[in-house]
Amino acid sequence: MEQRALELPCPQMVIGGSRLDAQSGATIGVEDPSNGTILTQVPEGSAADVDHAVKVARAAFDSPSWSRMRPLDRGKILESIARLIEANAEQLALIESYDNGKSYTHALAFDIPAAVDTFRYYAGTCARIEGKVNPISADGRQYHSYTKHEPIGVVGSIVPWNFPIVMAAMKIAPALAAGCAIILKPSEVTPLTALRLAELVLEAGLPEGILNVVTGYGHIVGQAMVDHPGINKIAFTGSTRVGKSILRSAAETVKPVTLELGGKSPSLIFADANIDAAGIGAALAIFFNSGQVCVAASRLYVEESIFDDVLAAVVKAAESFPIGDGRDANTMIGPLVSHAQQERVLGYIDAGVKEGGQVLTGGKKRGETGYYVEPTVFINTKPDAKIVREEIFGPVLVATPFKDVEDVIAEANDTNYGLAANIWTRDLSRAHLTAARLQAGTVWINSHAIIDPAAAFGGYKESGLGREMSDEGLHAYTQSKTVTAFLGD
């Protein structure tokens, strides 16, 4: 597949219809993780930049051009955004590959279509935000009472670096459908597709100021967004540690939050499963996107009688995945997003070995340039080992045998997280009964990571608060108002 030349977006913040540098003039270098070179510089925003964006967003939200826009016309704009993303798919996929390190082929096949689908799905919801009539009894006299959903206002959206354009779409599309205005903070590590998306959104006819992009560090720009009294809601995807901090800070202004946080998801493979399908499925569930996936199934539990066969299939798959530059069409495993992330993952691998785990394959960095780590499989780990308990966010799998369903459900649920899980079996009764007992927001059966705008997504326990996607995700950007009118005796 012949790739187009890299075309980077304007490296400035988008506030209203203007491209702006940070008020301080400071910048952040954006790195290509395949080789460590600097692609461009983006503004290092501050609380002052956030305050300016809030004022612009508030004025745009209150403007008749948005607040009185027909729901069907909002839907037309979202559909236009979807079409413009499709028309610029190759450019966006290439930016994503340079910015994040991921495979260009995968970004073109999965990430960009997922963003398109999200905008297209929510384009169809704009005219379906319905209220209800309340059959109240009250004091027995005649009343007409109804409840309606109104946009929550100005939303602060903070997205991570692992799926930049997908995460941005998951935040922006439902907020626009609900009628909100948005301030988006992309990760300082991967801001480029967000800046290009903001250009496309304006081209699609969205009124200026309804979507604003402020670049900068999370502890500065993100914190300023959480603290700002003019922002009515925070939608965050990222680490559990940061999510807890946001929740504490948001309490000061009683600001509602949606949190999609970390995971330590299990794969459960029963003896009657299709071993070939389960083996490659378990491998892809952890090694896709170099393990930098919130729902990555990093804990593998296999019924004892087939444990060796499944492990052989997983190891074979891990060793067959080509590692390299994301622009190489053959690459399956690209670099980790940064040197810091590479060091973090290698540190966990070292800890796993020191705690007695056995590495079946991988376990090392690859190459002298770029931030590559080999797909790694551990066995013989202790239940309290760091690599079993903590989210690594890299291509590291821990495999454990089990004897019966009670054992595996107990082990799968023995975690602070509860984002996702998968089950591999031909017995659909056992699959559904097991799924009902797993403490996870999403459970896949004989598959993994099938994420669709129609299906609600979010976690149990420390994996998050609230849901994204589907009508649940849409209503998270609204607040209900009840109106009751006395009609007379």
# chains A, B, ... in the order shown; residues from 1 in each chain; ligands from 1

call {"tool": "residues_around", "arguments": {"residues": "Phe61 of chain A", "least_positions_apart": "6", "cutoff": "12 Å", "atoms": "only C-alpha atoms", "output": "number ranges by chain"}}
result
A: 16, 53-55, 67-69, 151-155, 175-176, 178-183, 206-212, 230-232

call {"tool": "residues_around", "arguments": {"residues": "segment 141-150 of chain A", "least_positions_apart": "6", "cutoff": "10 Å", "atoms": "only C-alpha atoms", "output": "NGL selection string"}}
result
:A and (129-135 or 178-180 or 475 or 477-489)

call {"tool": "write_last_selection", "arguments": {"atoms": "C-alpha atoms", "output": "PDB file, in the first residue's frame"}}
result
ATOM      1  CA  ILE A 129     -33.207  13.033  22.901  1.00  0.00           C
ATOM      2  CA  GLU A 130     -36.640  12.521  24.357  1.00  0.00           C
ATOM      3  CA  GLY A 131     -38.197  13.389  27.682  1.00  0.00           C
ATOM      4  CA  LYS A 132     -41.273  11.905  29.320  1.00  0.00           C
ATOM      5  CA  VAL A 133     -44.620  12.877  30.790  1.00  0.00           C
ATOM      6  CA  ASN A 134     -44.879  12.274  34.533  1.00  0.00           C
ATOM      7  CA  PRO A 135     -48.182  10.801  35.795  1.00  0.00           C
ATOM      8  CA  ALA A 178     -26.492  16.669  23.236  1.00  0.00           C
ATOM      9  CA  GLY A 179     -25.901  20.333  22.325  1.00  0.00           C
ATOM     10  CA  CYS A 180     -22.867  21.026  24.513  1.00  0.00           C
ATOM     11  CA  HIS A 475     -27.372  11.210  28.407  1.00  0.00           C
ATOM     12  CA  TYR A 477     -23.878  15.034  28.568  1.00  0.00           C
ATOM     13  CA  THR A 478     -27.369  16.139  29.573  1.00  0.00           C
ATOM     14  CA  GLN A 479     -29.154  17.087  32.772  1.00  0.00           C
ATOM     15  CA  SER A 480     -32.843  16.501  33.361  1.00  0.00           C
ATOM     16  CA  LYS A 481     -35.328  19.247  34.122  1.00  0.00           C
ATOM     17  CA  THR A 482     -38.823  18.581  35.418  1.00  0.00           C
ATOM     18  CA  VAL A 483     -41.563  21.117  34.613  1.00  0.00           C
ATOM     19  CA  THR A 484     -44.915  20.911  36.409  1.00  0.00           C
ATOM     20  CA  ALA A 485     -47.849  23.167  35.564  1.00  0.00           C
ATOM     21  CA  PHE A 486     -51.043  23.536  37.584  1.00  0.00           C
ATOM     22  CA  LEU A 487     -54.022  23.169  35.252  1.00  0.00           C
ATOM     23  CA  GLY A 488     -56.805  24.010  37.680  1.00  0.00           C
ATOM     24  CA  ASP A 489     -59.248  22.128  39.839  1.00  0.00           C
TER      25      ASP A 489
END

call {"tool": "residues_around", "arguments": {"residues": "Phe163 of chain A", "least_positions_apart": "4", "cutoff": "10 Å", "atoms": "only C-alpha atoms", "output": "number ranges by chain"}}
result
A: 96, 100, 102, 107, 111-112, 159, 167-168, 190, 289, 292-294

call {"tool": "residues_around", "arguments": {"residues": "segment 434-442 of chain A", "least_positions_apart": "5", "cutoff": "9 Å", "atoms": "only C-alpha atoms", "output": "short mmCIF file (atom, residue, chain, number, x, y, z; two decimals) with N, CA and C atoms, in the first residue's frame"}}
result
data_model
loop_
_atom_site.label_atom_id
_atom_site.label_comp_id
_atom_site.auth_asym_id
_atom_site.auth_seq_id
_atom_site.Cartn_x
_atom_site.Cartn_y
_atom_site.Cartn_z
N SER A 265 -7.61 -6.80 32.61
CA SER A 265 -8.68 -7.67 32.14
C SER A 265 -8.23 -9.12 31.98
N VAL A 405 -14.64 -23.78 37.16
CA VAL A 405 -15.19 -22.46 36.92
C VAL A 405 -15.20 -21.60 38.18
N ILE A 409 -13.41 -17.87 38.20
CA ILE A 409 -14.21 -16.67 38.48
C ILE A 409 -13.63 -15.92 39.68
N ALA A 410 -13.24 -16.67 40.71
CA ALA A 410 -12.65 -16.03 41.89
C ALA A 410 -11.36 -15.31 41.53
N ALA A 412 -10.39 -14.27 38.48
CA ALA A 412 -10.65 -13.17 37.55
C ALA A 412 -11.15 -11.94 38.28
N ASN A 413 -11.97 -12.15 39.31
CA ASN A 413 -12.54 -11.02 40.05
C ASN A 413 -11.63 -10.49 41.15
N TYR A 417 -9.62 -3.73 39.56
CA TYR A 417 -10.16 -3.26 38.29
C TYR A 417 -11.38 -4.07 37.88
N GLY A 418 -12.11 -3.56 36.87
CA GLY A 418 -13.26 -4.28 36.36
C GLY A 418 -13.73 -3.68 35.04
N LEU A 419 -12.79 -3.52 34.10
CA LEU A 419 -13.15 -2.88 32.84
C LEU A 419 -13.72 -3.88 31.84
N ALA A 420 -13.04 -5.01 31.64
CA ALA A 420 -13.48 -5.94 30.60
C ALA A 420 -13.00 -7.35 30.91
N ALA A 421 -13.51 -8.31 30.16
CA ALA A 421 -13.09 -9.70 30.27
C ALA A 421 -13.52 -10.41 28.99
N ASN A 422 -12.90 -11.56 28.73
CA ASN A 422 -13.39 -12.40 27.63
C ASN A 422 -13.43 -13.85 28.06
N ILE A 423 -14.32 -14.61 27.40
CA ILE A 423 -14.55 -16.02 27.71
C ILE A 423 -14.49 -16.80 26.41
N SER A 429 -24.25 -21.88 27.44
CA SER A 429 -24.84 -21.76 28.77
C SER A 429 -23.77 -21.37 29.77
N ALA A 456 -22.92 0.34 25.36
CA ALA A 456 -22.36 1.14 26.46
C ALA A 456 -21.01 0.58 26.89
N PHE A 457 -20.08 1.48 27.22
CA PHE A 457 -18.72 1.08 27.56
C PHE A 457 -18.27 1.80 28.82
N GLY A 458 -17.74 1.03 29.78
CA GLY A 458 -17.24 1.60 31.02
C GLY A 458 -16.91 0.48 31.98
N GLY A 459 -16.45 0.84 33.18
CA GLY A 459 -15.92 -0.18 34.07
C GLY A 459 -16.58 -0.27 35.43
N TYR A 460 -16.35 -1.40 36.07
CA TYR A 460 -16.70 -1.61 37.47
C TYR A 460 -15.52 -1.16 38.34
N LYS A 461 -15.76 -1.04 39.63
CA LYS A 461 -14.73 -0.81 40.63
C LYS A 461 -13.82 0.36 40.23
N SER A 463 -12.11 0.83 37.71
CA SER A 463 -11.97 1.03 36.27
C SER A 463 -12.86 2.15 35.74
N ARG A 467 -20.76 5.66 31.97
CA ARG A 467 -20.61 4.91 30.72
C ARG A 467 -20.47 5.86 29.55
#

call {"tool": "atom_distance", "arguments": {"atom1": "atom CA of Ala399 of chain A", "atom2": "atom CA of Phe110 of chain A"}}
result
27.5 Å

call {"tool": "residues_around", "arguments": {"residues": "Gly324 of chain A", "least_positions_apart": "6", "cutoff": "10 Å", "atoms": "only C-alpha atoms", "output": "PyMOL selection string"}}
result
chain A and resi 34+101-103+330-335+366-367+370-372

call {"tool": "residues_around", "arguments": {"residues": "Arg196 of chain A", "least_positions_apart": "5", "cutoff": "12 Å", "atoms": "only C-alpha atoms", "output": "tab-separated table (two decimals) with C-alpha atoms, in the first residue's frame"}}
result
chain	number	residue	atom	x	y	z
A	7	GLU	CA	0.95	16.43	6.21
A	8	LEU	CA	0.93	17.75	9.75
A	9	PRO	CA	-1.86	20.05	10.97
A	10	CYS	CA	-1.24	23.62	12.04
A	11	PRO	CA	0.62	23.19	15.36
A	12	GLN	CA	-1.44	25.71	17.30
A	13	MET	CA	-4.35	25.51	19.70
A	14	VAL	CA	-7.84	25.97	18.28
A	19	ARG	CA	-5.23	29.26	15.84
A	81	ILE	CA	-17.75	15.52	10.23
A	84	LEU	CA	-14.71	14.60	6.22
A	85	ILE	CA	-12.88	12.11	8.45
A	88	ASN	CA	-9.06	12.46	5.03
A	89	ALA	CA	-8.60	8.92	6.36
A	91	GLN	CA	-3.76	11.63	6.27
A	92	LEU	CA	-5.26	11.03	9.71
A	93	ALA	CA	-3.98	7.43	9.87
A	94	LEU	CA	-0.48	8.55	8.93
A	95	ILE	CA	-0.49	11.34	11.51
A	96	GLU	CA	-1.67	8.81	14.09
A	164	PRO	CA	-6.02	9.56	20.17
A	165	ILE	CA	-8.60	10.08	17.43
A	168	ALA	CA	-11.51	12.22	20.92
A	186	PRO	CA	-5.40	15.78	23.98
A	190	THR	CA	-0.12	12.69	20.89
A	191	PRO	CA	-1.91	15.98	20.14
A	201	VAL	CA	-15.00	20.08	12.47
A	202	LEU	CA	-14.89	23.76	11.55
A	203	GLU	CA	-14.90	22.83	7.87
A	212	ASN	CA	-11.85	24.11	21.26
A	213	VAL	CA	-8.53	22.27	21.59

call {"tool": "select_by_dssp", "arguments": {"residues": "segment 66-230 of chain A", "states": "strand (DSSP E)", "output": "VMD selection string"}}
result
chain A and resid 132 to 133 142 to 151 154 to 158 181 to 185 211 to 213

call {"tool": "closest_residue", "arguments": {"among": "A:Pro395, A:Ile15, A:Leu20, A:Gly243", "to": "Leu184 of chain A", "atoms": "only C-alpha atoms"}}
result
A:Ile15

call {"tool": "closest_residue", "arguments": {"among": "A:His52, A:Arg426, A:Arg299, A:Lys171", "to": "Leu268 of chain A", "atoms": "only C-alpha atoms"}}
result
A:Arg299

call {"tool": "closest_residue", "arguments": {"among": "A:Glu468, A:Gly263, A:Ile280, A:Gly363", "to": "Glu391 of chain A", "atoms": "only C-alpha atoms"}}
result
A:Gly263

call {"tool": "residues_around", "arguments": {"residues": "Asp452 of chain A", "least_positions_apart": "2", "cutoff": "9 Å", "atoms": "only C-alpha atoms", "output": "list of chain:residue names"}}
result
A:Ala114, A:Asp117, A:Thr118, A:Ile450, A:Ala454, A:Ala455, A:Ala456, A:Phe457, A:Met469, A:Ser470

call {"tool": "decode", "arguments": {"residues": "segment 411-425 of chain A", "atoms": "all heavy atoms", "output": "compact mmCIF listing (two decimals), in the first residue's frame"}}
result
# COMPACT_ATOMS: atom_id res chain seq x y z
N GLU A 411 -10.51 -15.95 40.73
CA GLU A 411 -9.24 -15.32 40.34
C GLU A 411 -9.47 -14.13 39.42
O GLU A 411 -8.80 -13.10 39.55
CB GLU A 411 -8.33 -16.35 39.68
CG GLU A 411 -7.81 -17.41 40.64
CD GLU A 411 -6.66 -18.21 40.04
OE1 GLU A 411 -5.56 -17.63 39.86
OE2 GLU A 411 -6.86 -19.39 39.73
N ALA A 412 -10.39 -14.27 38.48
CA ALA A 412 -10.65 -13.17 37.55
C ALA A 412 -11.15 -11.94 38.28
O ALA A 412 -10.81 -10.80 37.92
CB ALA A 412 -11.66 -13.62 36.50
N ASN A 413 -11.97 -12.15 39.31
CA ASN A 413 -12.54 -11.02 40.05
C ASN A 413 -11.63 -10.49 41.15
O ASN A 413 -11.92 -9.46 41.76
CB ASN A 413 -13.87 -11.44 40.68
CG ASN A 413 -14.98 -11.61 39.66
OD1 ASN A 413 -14.91 -11.07 38.56
ND2 ASN A 413 -16.01 -12.37 40.00
N ASP A 414 -10.50 -11.17 41.38
CA ASP A 414 -9.58 -10.76 42.45
C ASP A 414 -8.68 -9.63 41.97
O ASP A 414 -7.47 -9.80 41.76
CB ASP A 414 -8.75 -11.96 42.91
CG ASP A 414 -7.84 -11.62 44.09
OD1 ASP A 414 -8.12 -10.61 44.79
OD2 ASP A 414 -6.84 -12.33 44.30
N THR A 415 -9.27 -8.48 41.77
CA THR A 415 -8.55 -7.31 41.26
C THR A 415 -9.31 -6.06 41.63
O THR A 415 -10.53 -6.10 41.83
CB THR A 415 -8.38 -7.39 39.73
OG1 THR A 415 -7.81 -6.17 39.25
CG2 THR A 415 -9.71 -7.61 39.03
N ASN A 416 -8.61 -4.94 41.72
CA ASN A 416 -9.27 -3.65 41.95
C ASN A 416 -9.96 -3.13 40.70
O ASN A 416 -10.74 -2.18 40.78
CB ASN A 416 -8.26 -2.61 42.43
CG ASN A 416 -7.70 -2.93 43.80
OD1 ASN A 416 -8.35 -3.59 44.61
ND2 ASN A 416 -6.49 -2.47 44.07
N TYR A 417 -9.62 -3.73 39.56
CA TYR A 417 -10.16 -3.26 38.29
C TYR A 417 -11.38 -4.07 37.88
O TYR A 417 -11.65 -5.14 38.42
CB TYR A 417 -9.10 -3.35 37.20
CG TYR A 417 -7.88 -2.50 37.45
CD1 TYR A 417 -6.68 -3.06 37.84
CD2 TYR A 417 -7.94 -1.12 37.28
CE1 TYR A 417 -5.55 -2.27 38.06
CE2 TYR A 417 -6.83 -0.32 37.50
CZ TYR A 417 -5.63 -0.91 37.89
OH TYR A 417 -4.53 -0.12 38.11
N GLY A 418 -12.11 -3.56 36.87
CA GLY A 418 -13.26 -4.28 36.36
C GLY A 418 -13.73 -3.68 35.04
O GLY A 418 -14.91 -3.38 34.86
N LEU A 419 -12.79 -3.52 34.10
CA LEU A 419 -13.15 -2.88 32.84
C LEU A 419 -13.72 -3.88 31.84
O LEU A 419 -14.77 -3.65 31.24
CB LEU A 419 -11.94 -2.17 32.24
CG LEU A 419 -12.23 -1.27 31.04
CD1 LEU A 419 -13.28 -0.22 31.38
CD2 LEU A 419 -10.95 -0.59 30.54
N ALA A 420 -13.04 -5.01 31.64
CA ALA A 420 -13.48 -5.94 30.60
C ALA A 420 -13.00 -7.35 30.91
O ALA A 420 -12.18 -7.57 31.83
CB ALA A 420 -12.96 -5.50 29.23
N ALA A 421 -13.51 -8.31 30.16
CA ALA A 421 -13.09 -9.70 30.27
C ALA A 421 -13.52 -10.41 28.99
O ALA A 421 -14.38 -9.92 28.25
CB ALA A 421 -13.73 -10.38 31.48
N ASN A 422 -12.90 -11.56 28.73
CA ASN A 422 -13.39 -12.40 27.63
C ASN A 422 -13.43 -13.85 28.06
O ASN A 422 -12.72 -14.27 28.98
CB ASN A 422 -12.59 -12.20 26.35
CG ASN A 422 -11.16 -12.65 26.45
OD1 ASN A 422 -10.88 -13.83 26.72
ND2 ASN A 422 -10.22 -11.74 26.22
N ILE A 423 -14.32 -14.61 27.40
CA ILE A 423 -14.55 -16.02 27.71
C ILE A 423 -14.49 -16.80 26.41
O ILE A 423 -15.11 -16.40 25.41
CB ILE A 423 -15.93 -16.23 28.37
CG1 ILE A 423 -16.04 -15.43 29.68
CG2 ILE A 423 -16.22 -17.70 28.60
CD1 ILE A 423 -17.46 -15.33 30.20
N TRP A 424 -13.76 -17.92 26.43
CA TRP A 424 -13.66 -18.77 25.25
C TRP A 424 -14.19 -20.16 25.60
O TRP A 424 -13.63 -20.85 26.44
CB TRP A 424 -12.21 -18.87 24.75
CG TRP A 424 -11.68 -17.54 24.30
CD1 TRP A 424 -11.15 -16.56 25.08
CD2 TRP A 424 -11.67 -17.03 22.97
NE1 TRP A 424 -10.80 -15.47 24.33
CE2 TRP A 424 -11.10 -15.74 23.01
CE3 TRP A 424 -12.06 -17.55 21.73
CZ2 TRP A 424 -10.92 -14.95 21.87
CZ3 TRP A 424 -11.88 -16.77 20.59
CH2 TRP A 424 -11.32 -15.49 20.67
N THR A 425 -15.32 -20.53 24.99
CA THR A 425 -15.94 -21.83 25.21
C THR A 425 -16.98 -22.08 24.13
O THR A 425 -17.54 -21.13 23.58
CB THR A 425 -16.61 -21.91 26.59
OG1 THR A 425 -17.24 -23.18 26.75
CG2 THR A 425 -17.64 -20.81 26.78
